[in-house]
Amino acid sequence: MTSVEATPSVGSHDPGLLLQVEGVDKSFPGVKALEGMRFDLRKGEVLGLVGENGAGKSTLMKLLTGIYSREAGEFWLQGRPLVVHNPKEAQEAGLSIIHQELNLVSHLSVAENIWLGREPVSGGFFTRPGEQVRRTRDLLARLGMALDPKAVVSSLSVAQQQMVEIAKALSFEATKVLIMDEPTAALNDAEVDQLHELIRRFITPETGVVYISHRMAELKRIADRITVIRDGHYIDTMPMADTSMDQVIAKMVGRAINTAARPENVRTDRPVTLSVTGLSTKTLLNDVSFELYRGEVLGFAGLMGAGRTEVARALVGADPITAGHITLNGTPVTISSPAHAASLGIGYLSEDRKRLGLMLQLPVSHNIAISSLSGRFSRSLFVNDKAVKATAEESRKLLSIKTPSVNQLVKYLSGGNQQKTIIARWLVKDCDILIFDEPTRGIDVGAKEEIYQLLNKLAEQGKSIIMISSELPEILRMSHRVIVMADGHITGTLPAQDATQETIMRLATHRDATTATTTITEEAGH
Amino acid sequence: MSSEPTAAAPAAPTVVKGGSWRERVQQLMALAGLLLIFLVFSVASPQIFPGYSNVTTILFSTTVVGLLALAATLVIISSGIDLSVGTAMTLSAVMSATFIVNWHLPVWLGIIATILFGGLIGLINGFNVAILGLPPFIATLAMMLVAQGLALVISNARPIYFDTTEHAGYIWLSTGSIIPGTRFPNAVLVLALAAVVAFVLLNKTLLGRYDISIGSNEEATALSGINTKKWLMIIYAVAGLFVGLAAIMISARLGSAQPATGAGYELQAIAAVVIGGTSLSGGKGTIVGTVIGALIIAVINNGLQILSVRQEWQNVILGLVILVVVYIDQARAKRAATT
C-alpha cells in the first residue's frame with residue numbers, strides 16, 4: 001500500500017488543493033463522531049471516500065455543508081478558508097452535495113426543482129415560467145441530459161431524479177466541488193455508466209468530485225485516489241490504480257476484535273425451526289432463502305439498504321411479499337400480518353424502537369404486556385391488571401430493567417432499558433423465534449454487554465434468534481452463522497469460523513449477487 | 001441521533017410518576033373549572049340557577065351531548081375523530097321512529113334495533129378507516145353527509161311523531177322517572193349508566209387497552225402482534241352503539257324523530273371531550289373528564305340562558321372556553337416536558 005506522499009501536519013494547508021479538510025472534531029453527547037478527521041481533494045480528480053456504516057461519512061458531509069458546526073478543524077476551498085452556515089451558502093461558495101436521500105419536491109417539475117428559491121422573477125414577485133424552462137433546457141443540453149424541463153419529478157425514475165439533483169448542483173455557476181453520497185445505490189448498471197459519464201464531463205482542471213460509495217468495483221472505475229475512514233478517524237489515502245479491493249477492505253475494518261466471547265458453533269443436529277425459500281418483495285428483496293436452527297443466533301450482516309430489515313418485515317407479514325415460502329417447524333405457513341406472526345411465536349423487535357417498538361406515553365407494564373393481553377392477561381375481554389403488574393414486575397427482575405416502577409412511562413427509561421422492555425414483551429409472549437433488528441443501537445456500552453448476555457442465554461434456552469446488525473464486531477461476537485446481504489440478495493452464508501470482518505465486508509460490498517456467491521464457494525472449496 | 005438514550009440515562013432513577021398523575025391533575029382542574037363556573041352563575045342568579053329544578057334541567061340537557069361525547073372519546077383516544085356522531089344520531093332516531101311508528105315493532109325491539117343500527121354506522125366508519133385506510137376525518141365527514149341525507153330521504157324530510165299513549169314507554173325512557181316522587185329524569189340515569197359502561201370498557205377491557213395503545217403508537221401496536229385493523233373497527237362500532245343510544249334519548253325527549261337536526265352536535269361532543277382533557281393526538285383520555293366536559297358545556301349554556309344572554313353569544317363563550325382550557329392544558333404539558 002502506497003500512502004500518499006503529501007501528508008501535511010495539522011494546521012498547515014496547501015493552496016494548490018481544491019478542497020482540504022484538516023483536524024476536524026465533532027462529538028455528540030456520549031459519542032465522538034469525528035476525531036482529527038482530514039482528507040484532501042486535488043484539482044481535476046475523483047476521490048473515492050469509503051468507510052463502514054457509522055464511520056463518520058454523513059457527519060463529515062453535514063459539517064461541510066454547515067448543517068452541523070464543527071468543534072475543531074478547518075476547511076479550505078481553493079486555498080481559502082471555507083466557513084458556511086447552511087447548504088445554500090456552501091453551494092454559493094462552490095461546494096454542492098448530492099445526498100443519498102434525494103431532496104426534491106416531488107410534485108414540482110424538473111425546472112421548478114432546479115431553480116427552487118432562485119426563480120427568475122419580474123417585478124420582484126411574479127415568476128417567469130418561460131424563462132425558467134428556457135434556462136433549464138440550456139442547462140440540461142450543456143450537461144447532455146435527456147430530460148423534459150416540464151416533467152413532474154414524481155413521474156421520473158430514481159436515476160432521472162438523481163440527474164435532476166446533479167443538474168441542480170451544477171446550475172450553480174460557482175460549483176467546483178461535487179460531493180456524491182452513495183450515488184448509485186438505486187441505479188442499474190446502464191444508469192451507473194451514465195452517471196460516471198456525467199462525472200467525467202464535469203471534471204476539468206479546476207473541479208473535483210468526492211465519490212462516497214461502498215461499491216469497490218465502481219470506485220475502481222471512476223476514482224483516482226481512495227481515502228479510507230474508520231470510526232471517525234482518518235486511516236489512509238491510496239492511489240486507486242495500484243490498490244486492490246482487499247487492501248481497501250482491510251483498512252476499512254482493521255480494528256481489533258475480541259473473539260474470545262464468540263459463541264460455540266451451532267450443532268448441526270439441531271432441528272431447523274424456520275426455513276425461508278425464494279422470499280421476494282416488489283421493491284428490493286430477490287430470492288432470499290435461508291434456514292434458522294433451534295438455539296442459534298443467526299447474524300444478518302450487510303450495509304445500509306442491503307435489505308436486512310426488509311427480510312424481517314416480510315417474514316412477519318408487515319410488508320407484502322411477491323414470492324417465497326416459509327416453513328415453520330416443518331409446516332408450510334403463510335404469514336399475513338405481525339399479529340399472525342406473533343400467534344405463531346415469531347416476534348420482531350424493530351430497529352426503530354421509538355417509532356415502531358414502544359408506546360412511549362404508556363407505562364412499562366403496558367409495553368411488556370401488550371402482545372399477551374388477549375389470552376394470558378384477560379378473561380372474556382376483561383384485563384387482569386394484577387397479573388399484568390405481577391408479570392411486568394417479574395420481567396423487571398429477570399432482565400434487571402432499571403426503572404423505579406413498572407408504572408413508569410417507558411419514555412423515561414434509557415435506551416438499554418427500553419430495549420429490555422421490548423425483549424420482555426416477547427419473552428412474556430413466549431415466542432420461539434425472535435428477530436432482533438439492531439438490538440444495541442443507541443445503547444451504551446455496559447447495557448450492550450447485558451443485551452449480548454441475554455441473547456446468549458435465550459439461545460441456550462432453545463430460542464432461535466435472527467440478529468440484524470450493522471456493527472461488525474457485534475455480528476462476529478454473537479453469531480453462530482452469518483448471512484451477508486447486498487442489494488436485496490443474500491451474497492453469502494458464513495459459519496462462525498470463516499466469518500471475519502474482511503470476508504463479511506467483501507460479500508457486503510459485492511454489487512452482483514451471483515459472482516459474490518461463486519467467489520465464496522470457490523474459497524470454501526480451497 | 002443515537003446520543004439521546006445516553007443523555008437520558010442519568011435521569012432514570014428519579015421517579016417520574018407518569019400519566020395517571022397528570023391525568024388526575026387534569027381531571028381535578030376540569031372539576032374545579034366546573035365548580036367555578038357553577039359558582040359564578042350561582043352568584044349571578046342566586047334564585048334560579050342553583051335550585052334543584054334547574055340543576056335537574058342542566059343534567060337532563062347534558063344527556064345527548066354526553067352520550068355522543070362518550071362515543072367520541074373512544075374514537076379520539078385511538079387518535080381518530082368522529083364527525084358523524086351528530087347526524088348518525090339523527091339517522092338512527094329516524095330509523096327508531098321507522099321501526100316503532102311505521103313498522104309497529106315492539107318498543108323494546110325497536111330500541112335494540114336502533115342501538116344496533118348506530119353500531120352499524122360506526123362499523124362502516126371503522127371499515128373505511130381501518131381497512132380502506134381513509135383518514136378518520138374524511139371517512140366520518142363523508143358519513144356525516146350521508147347520514148344527514150339519508151335521514152331526510154327516509155323520513156321524507158318530515159318529523160315522525162311517536163304516539164304519546166301507544167309509545168308512552170319509549171318517551172318515559174327519557175322524560176319519565178324511575179325514582180318515585182323525584183321527577184328526576186331517566187335520561188340522566190341512562191347517561192350515568194352509559195358512562196359507567198364506557199369507563200369499564202376503557203379501563204378494564206382489551207378494547208380500552210388496545211384503544212389507548214393504538215392511539216399511542218399504532219404501528220408499534222401492530223408490530224406487537226395486535227390485529228389493529230380489527231380492533232379499530234370494533235372501537236368505531238362500539239362508539240356507534242353509544243350514538244344509537246343517544247338517538248333513542250333525543251327522540252324520546254322530543255317525542256319525535258326530527259330529521260333536519262343533528263348537525264352541530266358532533267362539535268359539541270368533541271368540545272366536551274377536549275375540555276375533559278382527552279388528547280386529540282390520541283393515546284390518553286378519560287371518561288370522567290369527558291362527563292365533566294359535557295357538564296361544563298351544559299352549565300354554560302344553561303347559565304347564559306338564565307342570564308338572558310342571547311343564544312349567539314353562548315357559542316362565542318363556549319369557543320373561548322375551549323381555547324382557554326386547551327391552551328392551559330398544553331402549556332402545562334410543555335412545562336412538564338421541559339422540567
# chains A, B, ... in the order shown; residues from 1 in each chain; ligands from 1
>>> residues_around(residues="B:Ala195", least_positions_apart="6", cutoff="12 Å", atoms="only C-alpha atoms", output="ChimeraX atom specification")
/B:63,66-71,73-74,188-189,201-203,242,245,286-292,294
>>> select_by_dssp(residues="stretch 109-249 of chain A", states="strand (DSSP E or B)", output="VMD selection string")
chain A and resid 109 121 to 122 126 to 127 152 177 to 181 208 to 212 225 to 230 233 to 239
>>> write_last_selection(atoms="N, CA and C atoms", output="PDB file, in the first residue's frame")
ATOM      1  N   SER A 109     -42.061  20.425 -11.061  1.00  0.00           N
ATOM      2  CA  SER A 109     -41.412  19.980 -12.290  1.00  0.00           C
ATOM      3  C   SER A 109     -39.890  20.018 -12.135  1.00  0.00           C
ATOM      4  N   VAL A 121     -37.586  36.081 -11.607  1.00  0.00           N
ATOM      5  CA  VAL A 121     -38.814  36.824 -11.331  1.00  0.00           C
ATOM      6  C   VAL A 121     -38.796  38.164 -12.050  1.00  0.00           C
ATOM      7  N   SER A 122     -39.979  38.686 -12.262  1.00  0.00           N
ATOM      8  CA  SER A 122     -40.061  40.057 -12.757  1.00  0.00           C
ATOM      9  C   SER A 122     -40.829  40.868 -11.729  1.00  0.00           C
ATOM     10  N   PHE A 126     -43.416  38.301  -9.471  1.00  0.00           N
ATOM     11  CA  PHE A 126     -44.046  37.386 -10.412  1.00  0.00           C
ATOM     12  C   PHE A 126     -43.024  36.434 -11.024  1.00  0.00           C
ATOM     13  N   THR A 127     -43.354  35.142 -11.004  1.00  0.00           N
ATOM     14  CA  THR A 127     -42.420  34.178 -11.571  1.00  0.00           C
ATOM     15  C   THR A 127     -42.449  34.243 -13.090  1.00  0.00           C
ATOM     16  N   VAL A 152     -42.937  16.387 -14.280  1.00  0.00           N
ATOM     17  CA  VAL A 152     -43.079  16.408 -12.827  1.00  0.00           C
ATOM     18  C   VAL A 152     -42.129  15.362 -12.238  1.00  0.00           C
ATOM     19  N   VAL A 177     -16.716  21.837  -6.493  1.00  0.00           N
ATOM     20  CA  VAL A 177     -16.603  20.530  -5.849  1.00  0.00           C
ATOM     21  C   VAL A 177     -17.985  19.906  -5.733  1.00  0.00           C
ATOM     22  N   LEU A 178     -18.071  18.686  -6.218  1.00  0.00           N
ATOM     23  CA  LEU A 178     -19.322  17.952  -6.144  1.00  0.00           C
ATOM     24  C   LEU A 178     -19.080  16.762  -5.224  1.00  0.00           C
ATOM     25  N   ILE A 179     -19.905  16.657  -4.182  1.00  0.00           N
ATOM     26  CA  ILE A 179     -19.763  15.512  -3.279  1.00  0.00           C
ATOM     27  C   ILE A 179     -20.986  14.628  -3.455  1.00  0.00           C
ATOM     28  N   MET A 180     -20.772  13.361  -3.769  1.00  0.00           N
ATOM     29  CA  MET A 180     -21.904  12.471  -4.003  1.00  0.00           C
ATOM     30  C   MET A 180     -21.895  11.358  -2.981  1.00  0.00           C
ATOM     31  N   ASP A 181     -22.998  11.249  -2.237  1.00  0.00           N
ATOM     32  CA  ASP A 181     -23.107  10.239  -1.183  1.00  0.00           C
ATOM     33  C   ASP A 181     -23.879   9.047  -1.727  1.00  0.00           C
ATOM     34  N   GLY A 208     -13.496  19.080  -9.009  1.00  0.00           N
ATOM     35  CA  GLY A 208     -13.231  17.766  -8.433  1.00  0.00           C
ATOM     36  C   GLY A 208     -14.491  17.158  -7.862  1.00  0.00           C
ATOM     37  N   VAL A 209     -14.439  15.828  -7.690  1.00  0.00           N
ATOM     38  CA  VAL A 209     -15.600  15.118  -7.166  1.00  0.00           C
ATOM     39  C   VAL A 209     -15.165  14.233  -6.004  1.00  0.00           C
ATOM     40  N   VAL A 210     -15.942  14.281  -4.914  1.00  0.00           N
ATOM     41  CA  VAL A 210     -15.761  13.308  -3.836  1.00  0.00           C
ATOM     42  C   VAL A 210     -16.885  12.293  -3.984  1.00  0.00           C
ATOM     43  N   TYR A 211     -16.489  11.031  -4.167  1.00  0.00           N
ATOM     44  CA  TYR A 211     -17.449   9.994  -4.507  1.00  0.00           C
ATOM     45  C   TYR A 211     -17.497   8.994  -3.360  1.00  0.00           C
ATOM     46  N   ILE A 212     -18.565   9.072  -2.567  1.00  0.00           N
ATOM     47  CA  ILE A 212     -18.694   8.173  -1.420  1.00  0.00           C
ATOM     48  C   ILE A 212     -19.426   6.933  -1.874  1.00  0.00           C
ATOM     49  N   ARG A 225      -8.076   8.445  -6.579  1.00  0.00           N
ATOM     50  CA  ARG A 225      -7.479   8.041  -5.303  1.00  0.00           C
ATOM     51  C   ARG A 225      -8.608   7.617  -4.391  1.00  0.00           C
ATOM     52  N   ILE A 226      -8.249   6.935  -3.324  1.00  0.00           N
ATOM     53  CA  ILE A 226      -9.292   6.494  -2.404  1.00  0.00           C
ATOM     54  C   ILE A 226      -8.858   6.774  -0.969  1.00  0.00           C
ATOM     55  N   THR A 227      -9.759   7.395  -0.196  1.00  0.00           N
ATOM     56  CA  THR A 227      -9.484   7.700   1.203  1.00  0.00           C
ATOM     57  C   THR A 227     -10.363   6.799   2.065  1.00  0.00           C
ATOM     58  N   VAL A 228      -9.745   6.165   3.051  1.00  0.00           N
ATOM     59  CA  VAL A 228     -10.487   5.277   3.943  1.00  0.00           C
ATOM     60  C   VAL A 228     -10.632   5.938   5.303  1.00  0.00           C
ATOM     61  N   ILE A 229     -11.852   5.959   5.837  1.00  0.00           N
ATOM     62  CA  ILE A 229     -12.024   6.425   7.210  1.00  0.00           C
ATOM     63  C   ILE A 229     -12.678   5.309   8.014  1.00  0.00           C
ATOM     64  N   ARG A 230     -12.451   5.355   9.310  1.00  0.00           N
ATOM     65  CA  ARG A 230     -12.985   4.300  10.177  1.00  0.00           C
ATOM     66  C   ARG A 230     -13.221   4.875  11.567  1.00  0.00           C
ATOM     67  N   HIS A 233     -12.125   8.333  12.399  1.00  0.00           N
ATOM     68  CA  HIS A 233     -10.725   8.692  12.198  1.00  0.00           C
ATOM     69  C   HIS A 233     -10.327   8.548  10.732  1.00  0.00           C
ATOM     70  N   TYR A 234      -9.344   9.373  10.327  1.00  0.00           N
ATOM     71  CA  TYR A 234      -8.743   9.207   9.013  1.00  0.00           C
ATOM     72  C   TYR A 234      -7.814   8.008   9.082  1.00  0.00           C
ATOM     73  N   ILE A 235      -7.870   7.123   8.077  1.00  0.00           N
ATOM     74  CA  ILE A 235      -6.984   5.956   8.100  1.00  0.00           C
ATOM     75  C   ILE A 235      -5.879   6.074   7.058  1.00  0.00           C
ATOM     76  N   ASP A 236      -6.259   6.228   5.795  1.00  0.00           N
ATOM     77  CA  ASP A 236      -5.222   6.256   4.771  1.00  0.00           C
ATOM     78  C   ASP A 236      -5.800   6.742   3.446  1.00  0.00           C
ATOM     79  N   THR A 237      -4.918   7.196   2.571  1.00  0.00           N
ATOM     80  CA  THR A 237      -5.317   7.543   1.215  1.00  0.00           C
ATOM     81  C   THR A 237      -4.372   6.847   0.250  1.00  0.00           C
ATOM     82  N   MET A 238      -4.954   6.205  -0.775  1.00  0.00           N
ATOM     83  CA  MET A 238      -4.130   5.413  -1.696  1.00  0.00           C
ATOM     84  C   MET A 238      -4.527   5.722  -3.128  1.00  0.00           C
ATOM     85  N   PRO A 239      -3.556   5.679  -4.055  1.00  0.00           N
ATOM     86  CA  PRO A 239      -3.941   5.813  -5.461  1.00  0.00           C
ATOM     87  C   PRO A 239      -4.719   4.567  -5.879  1.00  0.00           C
TER      88      PRO A 239
END
>>> closest_residue(among="A:Met252, A:Ile199, A:Leu427, A:Leu409", to="chain B", atoms="only C-alpha atoms")
A:Leu409
>>> closest_residue(among="B:Leu39, B:Ile214, B:Ile81, B:Ala130", to="chain A", atoms="only C-alpha atoms")
B:Ile214
>>> closest_atom_pairs(of="chain A", to="chain B", cutoff="9 Å", atoms="only C-alpha atoms", output="tab-separated table")
residue	atom	partner	partner_atom	distance
A:Phe28	CA	B:Ser3	CA	6.3
A:Pro29	CA	B:Ser3	CA	5.3
A:Gly30	CA	B:Ser3	CA	6.0
A:Val31	CA	B:Ser3	CA	6.8
A:Val316	CA	B:Leu223	CA	8.6
A:Ala318	CA	B:Leu223	CA	7.5
A:Ser337	CA	B:Gly225	CA	7.9
A:Pro338	CA	B:Gly225	CA	5.0
A:Ala339	CA	B:Gly225	CA	3.5
A:His340	CA	B:Gly225	CA	6.9
A:Ala341	CA	B:Gly225	CA	7.1
A:Ala342	CA	B:Gly225	CA	5.1
A:Ser343	CA	B:Gly225	CA	7.4
A:Gly347	CA	B:Ser224	CA	7.6
A:Tyr348	CA	B:Leu223	CA	7.1
A:Leu349	CA	B:Leu223	CA	8.3
A:Ser350	CA	B:Leu223	CA	8.4
A:Arg353	CA	B:Ala220	CA	8.5
A:Lys354	CA	B:Ala220	CA	8.6
A:Arg355	CA	B:Ala220	CA	6.8
A:Leu356	CA	B:Ala220	CA	4.3
A:Gly357	CA	B:Ala220	CA	4.8
A:Leu358	CA	B:Ala220	CA	6.0
A:Met359	CA	B:Asn217	CA	5.4
A:Leu360	CA	B:Ser216	CA	7.2
A:Gln361	CA	B:Ser216	CA	6.5
A:Leu362	CA	B:Gly19	CA	7.4
A:Pro363	CA	B:Gly18	CA	7.6
A:His366	CA	B:Arg209	CA	8.4
A:Asn367	CA	B:Ser213	CA	8.8
A:Ile370	CA	B:Ser224	CA	6.9
A:Ser371	CA	B:Ser224	CA	5.3
A:Ser372	CA	B:Gly225	CA	8.7
A:Leu373	CA	B:Leu206	CA	7.0
A:Ser374	CA	B:Leu206	CA	7.0
A:Ser378	CA	B:Leu206	CA	7.5
A:Ser380	CA	B:Thr205	CA	8.6
A:Leu381	CA	B:Thr205	CA	5.3
A:Phe382	CA	B:Thr205	CA	4.2
A:Val383	CA	B:Thr205	CA	5.0
A:Asn384	CA	B:Lys204	CA	7.8
A:Asp385	CA	B:Lys204	CA	8.0
A:Lys402	CA	B:Ala12	CA	7.6
A:Thr403	CA	B:Ala12	CA	6.7
A:Pro404	CA	B:Val15	CA	5.9
A:Ser405	CA	B:Val15	CA	8.0
A:Asn407	CA	B:Gly18	CA	7.6
A:Gln408	CA	B:Gly18	CA	5.9
A:Leu409	CA	B:Gly18	CA	5.5
A:Tyr412	CA	B:Ala12	CA	6.3
A:Leu413	CA	B:Ala12	CA	5.7
A:Ser414	CA	B:Ala9	CA	4.7
A:Gly415	CA	B:Pro5	CA	4.6
A:Gly416	CA	B:Pro5	CA	7.7
A:Arg425	CA	B:Ser224	CA	8.3
A:Trp426	CA	B:Ser224	CA	8.4
A:Arg441	CA	B:Ser2	CA	7.0
A:Gly442	CA	B:Ser2	CA	4.3
A:Ile443	CA	B:Pro5	CA	6.7
A:Asp444	CA	B:Thr6	CA	6.3
>>> residues_around(residues="B:Ala93", least_positions_apart="4", cutoff="8 Å", atoms="only C-alpha atoms", output="NGL selection string")
:B and (89 or 97 or 114 or 244 or 247-248 or 250-251 or 257-258)
>>> write_last_selection(atoms="C-alpha atoms", output="PDB file, in the first residue's frame")
ATOM      1  CA  MET B  89     -77.729  10.080  15.767  1.00  0.00           C
ATOM      2  CA  ALA B  97     -89.285   6.038  14.579  1.00  0.00           C
ATOM      3  CA  THR B 114     -81.799   1.325  16.836  1.00  0.00           C
ATOM      4  CA  GLY B 244     -77.647   4.709  18.782  1.00  0.00           C
ATOM      5  CA  ALA B 247     -80.669   8.666  19.184  1.00  0.00           C
ATOM      6  CA  ILE B 248     -83.197   6.968  21.448  1.00  0.00           C
ATOM      7  CA  ILE B 250     -83.162  12.542  21.904  1.00  0.00           C
ATOM      8  CA  SER B 251     -86.197  11.160  20.040  1.00  0.00           C
ATOM      9  CA  ALA B 257     -87.547  11.982  15.180  1.00  0.00           C
ATOM     10  CA  GLN B 258     -86.501  15.333  13.738  1.00  0.00           C
TER      11      GLN B 258
END
>>> residues_around(residues="A:Lys282", least_positions_apart="4", cutoff="9 Å", atoms="only C-alpha atoms", output="CSV table (one decimal) with N, CA and C atoms, in the first residue's frame")
chain,number,residue,atom,x,y,z
A,286,ASN,N,-34.9,-10.2,-3.4
A,286,ASN,CA,-34.9,-11.0,-4.6
A,286,ASN,C,-34.4,-12.4,-4.2
A,320,PRO,N,-45.9,-6.8,2.2
A,320,PRO,CA,-46.3,-7.9,1.4
A,320,PRO,C,-45.2,-8.5,0.6
A,321,ILE,N,-45.3,-9.8,0.3
A,321,ILE,CA,-44.2,-10.4,-0.5
A,321,ILE,C,-44.8,-10.8,-1.8
A,322,THR,N,-43.9,-10.9,-2.8
A,322,THR,CA,-44.4,-11.2,-4.2
A,322,THR,C,-44.1,-12.7,-4.5
>>> residues_around(residues="A:Pro495", least_positions_apart="3", cutoff="8 Å", atoms="only C-alpha atoms", output="ChimeraX atom specification")
/A:265,480-482,498-499
>>> write_last_selection(atoms="all heavy atoms", output="PDB file, in the first residue's frame")
ATOM      1  N   ASN A 265     -19.881 -22.973  17.814  1.00  0.00           N
ATOM      2  CA  ASN A 265     -20.568 -23.138  16.537  1.00  0.00           C
ATOM      3  C   ASN A 265     -21.826 -23.976  16.744  1.00  0.00           C
ATOM      4  O   ASN A 265     -21.879 -24.831  17.602  1.00  0.00           O
ATOM      5  CB  ASN A 265     -19.653 -23.815  15.522  1.00  0.00           C
ATOM      6  CG  ASN A 265     -20.127 -23.542  14.113  1.00  0.00           C
ATOM      7  OD1 ASN A 265     -21.030 -22.718  13.910  1.00  0.00           O
ATOM      8  ND2 ASN A 265     -19.546 -24.198  13.159  1.00  0.00           N
ATOM      9  N   HIS A 480     -23.708 -17.491  15.488  1.00  0.00           N
ATOM     10  CA  HIS A 480     -23.254 -18.845  15.192  1.00  0.00           C
ATOM     11  C   HIS A 480     -22.984 -18.982  13.702  1.00  0.00           C
ATOM     12  O   HIS A 480     -22.101 -19.701  13.279  1.00  0.00           O
ATOM     13  CB  HIS A 480     -24.300 -19.875  15.612  1.00  0.00           C
ATOM     14  CG  HIS A 480     -24.523 -19.916  17.093  1.00  0.00           C
ATOM     15  ND1 HIS A 480     -25.662 -19.455  17.682  1.00  0.00           N
ATOM     16  CD2 HIS A 480     -23.732 -20.353  18.103  1.00  0.00           C
ATOM     17  CE1 HIS A 480     -25.577 -19.625  18.992  1.00  0.00           C
ATOM     18  NE2 HIS A 480     -24.424 -20.157  19.278  1.00  0.00           N
ATOM     19  N   ARG A 481     -23.830 -18.346  12.936  1.00  0.00           N
ATOM     20  CA  ARG A 481     -23.608 -18.269  11.494  1.00  0.00           C
ATOM     21  C   ARG A 481     -23.912 -16.844  11.054  1.00  0.00           C
ATOM     22  O   ARG A 481     -24.704 -16.154  11.692  1.00  0.00           O
ATOM     23  CB  ARG A 481     -24.540 -19.225  10.736  1.00  0.00           C
ATOM     24  CG  ARG A 481     -24.179 -20.707  10.888  1.00  0.00           C
ATOM     25  CD  ARG A 481     -25.080 -21.542   9.991  1.00  0.00           C
ATOM     26  NE  ARG A 481     -26.475 -21.303  10.276  1.00  0.00           N
ATOM     27  CZ  ARG A 481     -27.435 -21.244   9.339  1.00  0.00           C
ATOM     28  NH1 ARG A 481     -27.140 -21.406   8.060  1.00  0.00           N
ATOM     29  NH2 ARG A 481     -28.688 -21.045   9.689  1.00  0.00           N
ATOM     30  N   VAL A 482     -23.327 -16.419   9.933  1.00  0.00           N
ATOM     31  CA  VAL A 482     -23.557 -15.067   9.446  1.00  0.00           C
ATOM     32  C   VAL A 482     -24.073 -15.117   8.017  1.00  0.00           C
ATOM     33  O   VAL A 482     -23.470 -15.772   7.152  1.00  0.00           O
ATOM     34  CB  VAL A 482     -22.260 -14.220   9.477  1.00  0.00           C
ATOM     35  CG1 VAL A 482     -22.533 -12.816   8.960  1.00  0.00           C
ATOM     36  CG2 VAL A 482     -21.675 -14.177  10.866  1.00  0.00           C
ATOM     37  N   ASP A 498     -15.383 -19.000   9.678  1.00  0.00           N
ATOM     38  CA  ASP A 498     -14.969 -18.313   8.448  1.00  0.00           C
ATOM     39  C   ASP A 498     -15.332 -16.833   8.449  1.00  0.00           C
ATOM     40  O   ASP A 498     -14.925 -16.095   7.555  1.00  0.00           O
ATOM     41  CB  ASP A 498     -15.633 -18.959   7.224  1.00  0.00           C
ATOM     42  CG  ASP A 498     -15.183 -20.394   7.021  1.00  0.00           C
ATOM     43  OD1 ASP A 498     -14.200 -20.780   7.674  1.00  0.00           O
ATOM     44  OD2 ASP A 498     -15.815 -21.101   6.231  1.00  0.00           O
ATOM     45  N   ALA A 499     -16.164 -16.429   9.412  1.00  0.00           N
ATOM     46  CA  ALA A 499     -16.628 -15.042   9.416  1.00  0.00           C
ATOM     47  C   ALA A 499     -15.564 -14.143  10.004  1.00  0.00           C
ATOM     48  O   ALA A 499     -15.172 -14.290  11.163  1.00  0.00           O
ATOM     49  CB  ALA A 499     -17.920 -14.932  10.212  1.00  0.00           C
TER      50      ALA A 499
END
>>> residues_around(residues="stretch 138-141 of chain A", least_positions_apart="3", cutoff="7 Å", atoms="only C-alpha atoms", output="short mmCIF file (atom, residue, chain, number, x, y, z; two decimals) with all heavy atoms, in the first residue's frame")
data_model
loop_
_atom_site.label_atom_id
_atom_site.label_comp_id
_atom_site.auth_asym_id
_atom_site.auth_seq_id
_atom_site.Cartn_x
_atom_site.Cartn_y
_atom_site.Cartn_z
N ARG A 134 -36.57 27.81 -20.21
CA ARG A 134 -35.51 28.03 -21.19
C ARG A 134 -34.13 27.80 -20.56
O ARG A 134 -33.29 27.09 -21.10
CB ARG A 134 -35.61 29.46 -21.74
CG ARG A 134 -34.86 29.68 -23.06
CD ARG A 134 -34.89 31.15 -23.47
NE ARG A 134 -34.38 32.04 -22.42
CZ ARG A 134 -33.09 32.15 -22.09
NH1 ARG A 134 -32.19 31.46 -22.74
NH2 ARG A 134 -32.72 32.97 -21.12
N ARG A 135 -33.95 28.38 -19.37
CA ARG A 135 -32.68 28.20 -18.67
C ARG A 135 -32.42 26.73 -18.39
O ARG A 135 -31.30 26.24 -18.51
CB ARG A 135 -32.70 28.93 -17.32
CG ARG A 135 -32.56 30.41 -17.45
CD ARG A 135 -32.33 30.98 -16.07
NE ARG A 135 -32.61 32.40 -16.07
CZ ARG A 135 -32.56 33.16 -14.98
NH1 ARG A 135 -32.28 32.59 -13.81
NH2 ARG A 135 -32.79 34.45 -15.03
N GLY A 144 -25.84 17.34 -21.31
CA GLY A 144 -26.14 16.15 -22.09
C GLY A 144 -27.18 15.25 -21.43
O GLY A 144 -27.11 14.03 -21.52
N MET A 145 -28.12 15.87 -20.75
CA MET A 145 -29.16 15.08 -20.10
C MET A 145 -30.44 15.16 -20.92
O MET A 145 -30.90 16.25 -21.26
CB MET A 145 -29.46 15.63 -18.70
CG MET A 145 -28.36 15.43 -17.70
SD MET A 145 -28.91 16.10 -16.11
CE MET A 145 -27.43 15.93 -15.14
N ALA A 167 -28.05 18.14 -11.94
CA ALA A 167 -28.26 19.36 -12.73
C ALA A 167 -28.43 20.56 -11.81
O ALA A 167 -27.91 21.64 -12.06
CB ALA A 167 -29.49 19.19 -13.62
N SER A 171 -26.12 23.78 -11.64
CA SER A 171 -26.72 25.03 -12.09
C SER A 171 -26.11 26.22 -11.34
O SER A 171 -26.25 27.36 -11.75
CB SER A 171 -28.23 25.01 -11.89
OG SER A 171 -28.53 25.07 -10.51
#
